[in-house]
Each structure stands twice: as structure tokens, then as C-alpha cells.
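Working notes, beginning with the structure itself.
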Amino acid sequence: METNTKPLGALLPGIVETTIDGTASLAPSTTASASINLATLPARLDDGMMATLREIVNSPLPAEQTCDEAHLAACMKSLDILPRRADDTGGMLRLKLYQRKLGGYSNDALSFLTSKALEQCHWFPTIAECLNILAGFPNREVATDRRDTAKVLIRREANARMDDDLGLLKNRRMSQEQIDALPEFTKRVATERCTLWACKDGTHIARQFAPLDDETRAEIEKRGGLAA
């Protein structure tokens, strides 16, 4: 029995005609900031993790794009090399359903999907499987959510650190060197809460509630006196 073999281009017209091979697509980022699961971070964060979160906040968002219908149709045509599970869905209805759920992704994202599905799937991928694969591609909506979450986590840790610092100041457990290194906002809050004095030269010193000793008085004078 003669076997009628076809060239790869005939089997995968979408790939050949639209160069959907995944190599021209944007590869998912492999940096720590892209791979870290923000939902699993501990309540308190160290400086390294804060830097990683700032990287997420400051990273540019993926371009806001949608695919064109011709490109999506080409991707679906390319995936037709995979066998389909039996169902009663007609071809046009199936394409419309995929367009509705996947049309918000860029051409590059759908090229990435096609390449990965051909490598990983034994059957034509369901919409759920497509979305799972696309989760590995830079997506503006996902990136925006991660940026917003990173901002919240940074703010939470900054507030916790300020509370720590204010507690140390209140209990007279912070050196002048540590006071000088405090964020300006923390110094302002501490001044308002009467645990720091603001001096005219812009610096701050620990506030005393008892009568000033000579050393503290001399230090205040050296700094130009207390600010009004």
C-alpha cells in the first residue's frame, strides 16, 4: 500500500505562511522578578526582596495588543495537525469560541501558544489548556496585576519598618547614626509624634522629655537650633 507523504509545509500551512515558530515571539522573562510567586511571600520582607519588588514595579508593561483574526485563524490551522477529541461543536462555532477567549492576546502571544502546544499537547488543546500555556507569556493584564500587588507589598513592608523605627525611637533605642539614616517621611512622622526634634539645618535628633542636658543643648545649637 502506497503511503502518500506530505511535506511539512503542507501539514502546517499556518506555521510556514505566517512564521509561527515561537522564535520571533517575545520569550517569557526568566528573571527572579518574573518568576517569583507574590502570593507566597512572607509577612516581612528583606532588602533583597524589596529590590525585586521594585524591579517589578519599574519594569515596562508588555505592549497592549490584540491579535488579528487572520493570525488567530492561521494558529488554529497550524494546530489542526493535532488530533481532536470527539465533540459535537461545528468548525465555525469552535473558531468563534476560540476567538472570543483568545482574541485579547497579541499575535506574538498566539505564536508562542502555537509553538508550545505543538511541543506539549497530544490533542488539539482546549481553551483552558491554551490559557494555561499563555500564562507563561508576558501579558499586559497579568503584568499590571503583578505591578499593583508589588506596590501593595512594598507599602506594607515600608509601613512595618516605620512602625519598628518609631518603636525604637519611643524607647530611646536608636543611635544618632541610625536616626540620620531614617527615611525622611519617618523622621517627619517621628517629629509629629514628639520622638524627634527637627533642627534648622534639616537634621533630626532624639527628643528628650526631661530638661535638656548640656551635651544635647550644645548639639542643637551646633545644628542651628530647633526648627519652628
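Here, A, B, ... name the chains of the C-alpha cells in the order displayed, residue numbers run from 1 inside each chain, and ligands are numbered from 1 in the same displayed order.
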
Extract the full set of strand (DSSP E or B) residues from chain A according to DSSP on the backbone, and format it as JSON, numbers by chain.
{"A": [196, 197, 198, 199, 204, 205, 206, 226]}

Which residues, written as a short mmCIF file (atom, residue, chain, number, x, y, z; two decimals) with C-alpha atoms, in the first residue's frame, have at least one atom at most 8 Å from stretch 204-216 of chain A, with only C-alpha atoms counted and residues fewer than 2 positions away on the same chain left out?
```cif
data_model
loop_
_atom_site.label_atom_id
_atom_site.label_comp_id
_atom_site.auth_asym_id
_atom_site.auth_seq_id
_atom_site.Cartn_x
_atom_site.Cartn_y
_atom_site.Cartn_z
CA LEU A 169 12.71 55.95 68.92
CA ARG A 172 15.30 55.61 73.18
CA GLN A 176 22.22 59.24 66.09
CA ILE A 179 18.41 58.44 63.11
CA ASP A 180 20.37 60.13 60.32
CA LYS A 187 11.59 61.49 60.52
CA CYS A 194 7.35 64.13 69.60
CA THR A 195 10.07 61.48 69.49
CA LEU A 196 12.44 63.54 67.31
CA TRP A 197 13.40 67.19 67.20
CA ALA A 198 13.80 68.83 63.79
CA CYS A 199 16.76 71.18 63.62
CA GLY A 202 17.46 69.90 58.25
CA ALA A 218 25.20 72.12 72.51
CA GLU A 219 24.28 69.68 69.74
CA ILE A 220 21.08 71.60 68.99
#
```

With 10 Å as the cut-off and only C-alpha atoms counted, what is the closest atom pair between each nearby residue of stretch 114-148 of chain A and stretch 42-65 of chain A? Distances in Å to one decimal, ordered by chain and number, as CSV.
```
residue,atom,partner,partner_atom,distance
A:Phe137,CA,A:Pro62,CA,9.9
A:Pro138,CA,A:Pro62,CA,6.4
A:Asn139,CA,A:Pro62,CA,6.1
A:Arg140,CA,A:Pro62,CA,5.0
A:Glu141,CA,A:Glu64,CA,8.7
A:Val142,CA,A:Leu61,CA,9.4
A:Ala143,CA,A:Leu61,CA,6.3
A:Thr144,CA,A:Leu61,CA,7.0
A:Arg146,CA,A:Ile56,CA,7.4
A:Arg147,CA,A:Val57,CA,4.9
A:Asp148,CA,A:Val57,CA,7.6
```

Can you write just those residues out, N, CA and C atoms, as a PDB file, in the first residue's frame?
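Resulting contents of result_25.pdb:
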```
ATOM      1  N   PHE A 137       3.446  33.461  29.004  1.00  0.00           N
ATOM      2  CA  PHE A 137       3.873  34.521  28.086  1.00  0.00           C
ATOM      3  C   PHE A 137       3.595  35.884  28.709  1.00  0.00           C
ATOM      4  N   PRO A 138       4.512  36.847  28.555  1.00  0.00           N
ATOM      5  CA  PRO A 138       4.269  38.178  29.128  1.00  0.00           C
ATOM      6  C   PRO A 138       2.939  38.746  28.648  1.00  0.00           C
ATOM      7  N   ASN A 139       2.058  39.041  29.598  1.00  0.00           N
ATOM      8  CA  ASN A 139       0.719  39.534  29.285  1.00  0.00           C
ATOM      9  C   ASN A 139       0.483  40.829  30.050  1.00  0.00           C
ATOM     10  N   ARG A 140      -0.052  41.831  29.380  1.00  0.00           N
ATOM     11  CA  ARG A 140      -0.176  43.152  29.999  1.00  0.00           C
ATOM     12  C   ARG A 140      -1.090  43.114  31.226  1.00  0.00           C
ATOM     13  N   GLU A 141      -2.209  42.408  31.134  1.00  0.00           N
ATOM     14  CA  GLU A 141      -3.145  42.366  32.258  1.00  0.00           C
ATOM     15  C   GLU A 141      -2.512  41.689  33.465  1.00  0.00           C
ATOM     16  N   VAL A 142      -1.829  40.568  33.208  1.00  0.00           N
ATOM     17  CA  VAL A 142      -1.152  39.863  34.305  1.00  0.00           C
ATOM     18  C   VAL A 142      -0.050  40.733  34.884  1.00  0.00           C
ATOM     19  N   ALA A 143       0.722  41.385  33.998  1.00  0.00           N
ATOM     20  CA  ALA A 143       1.824  42.237  34.459  1.00  0.00           C
ATOM     21  C   ALA A 143       1.305  43.415  35.273  1.00  0.00           C
ATOM     22  N   THR A 144       0.162  43.961  34.878  1.00  0.00           N
ATOM     23  CA  THR A 144      -0.425  45.077  35.622  1.00  0.00           C
ATOM     24  C   THR A 144      -0.861  44.631  37.007  1.00  0.00           C
ATOM     25  N   ARG A 146       0.419  42.144  38.707  1.00  0.00           N
ATOM     26  CA  ARG A 146       1.635  41.904  39.485  1.00  0.00           C
ATOM     27  C   ARG A 146       2.258  43.218  39.950  1.00  0.00           C
ATOM     28  N   ARG A 147       2.219  44.235  39.090  1.00  0.00           N
ATOM     29  CA  ARG A 147       2.763  45.544  39.474  1.00  0.00           C
ATOM     30  C   ARG A 147       1.971  46.122  40.645  1.00  0.00           C
ATOM     31  N   ASP A 148       0.640  46.038  40.567  1.00  0.00           N
ATOM     32  CA  ASP A 148      -0.196  46.565  41.643  1.00  0.00           C
ATOM     33  C   ASP A 148       0.041  45.800  42.946  1.00  0.00           C
TER      34      ASP A 148
END
```

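Here atom CA of A:Ser115 stands at a distance of 9.4 Å from atom CA of A:Ser78.
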
Where in stretch 16-190 of chain A does DSSP assign helix (DSSP H, G or I), given as a ChimeraX atom specification?
/A:16-18,32-35,38-40,47-58,69-79,91-102,107-120,127-134,140-170,176-180,184-190
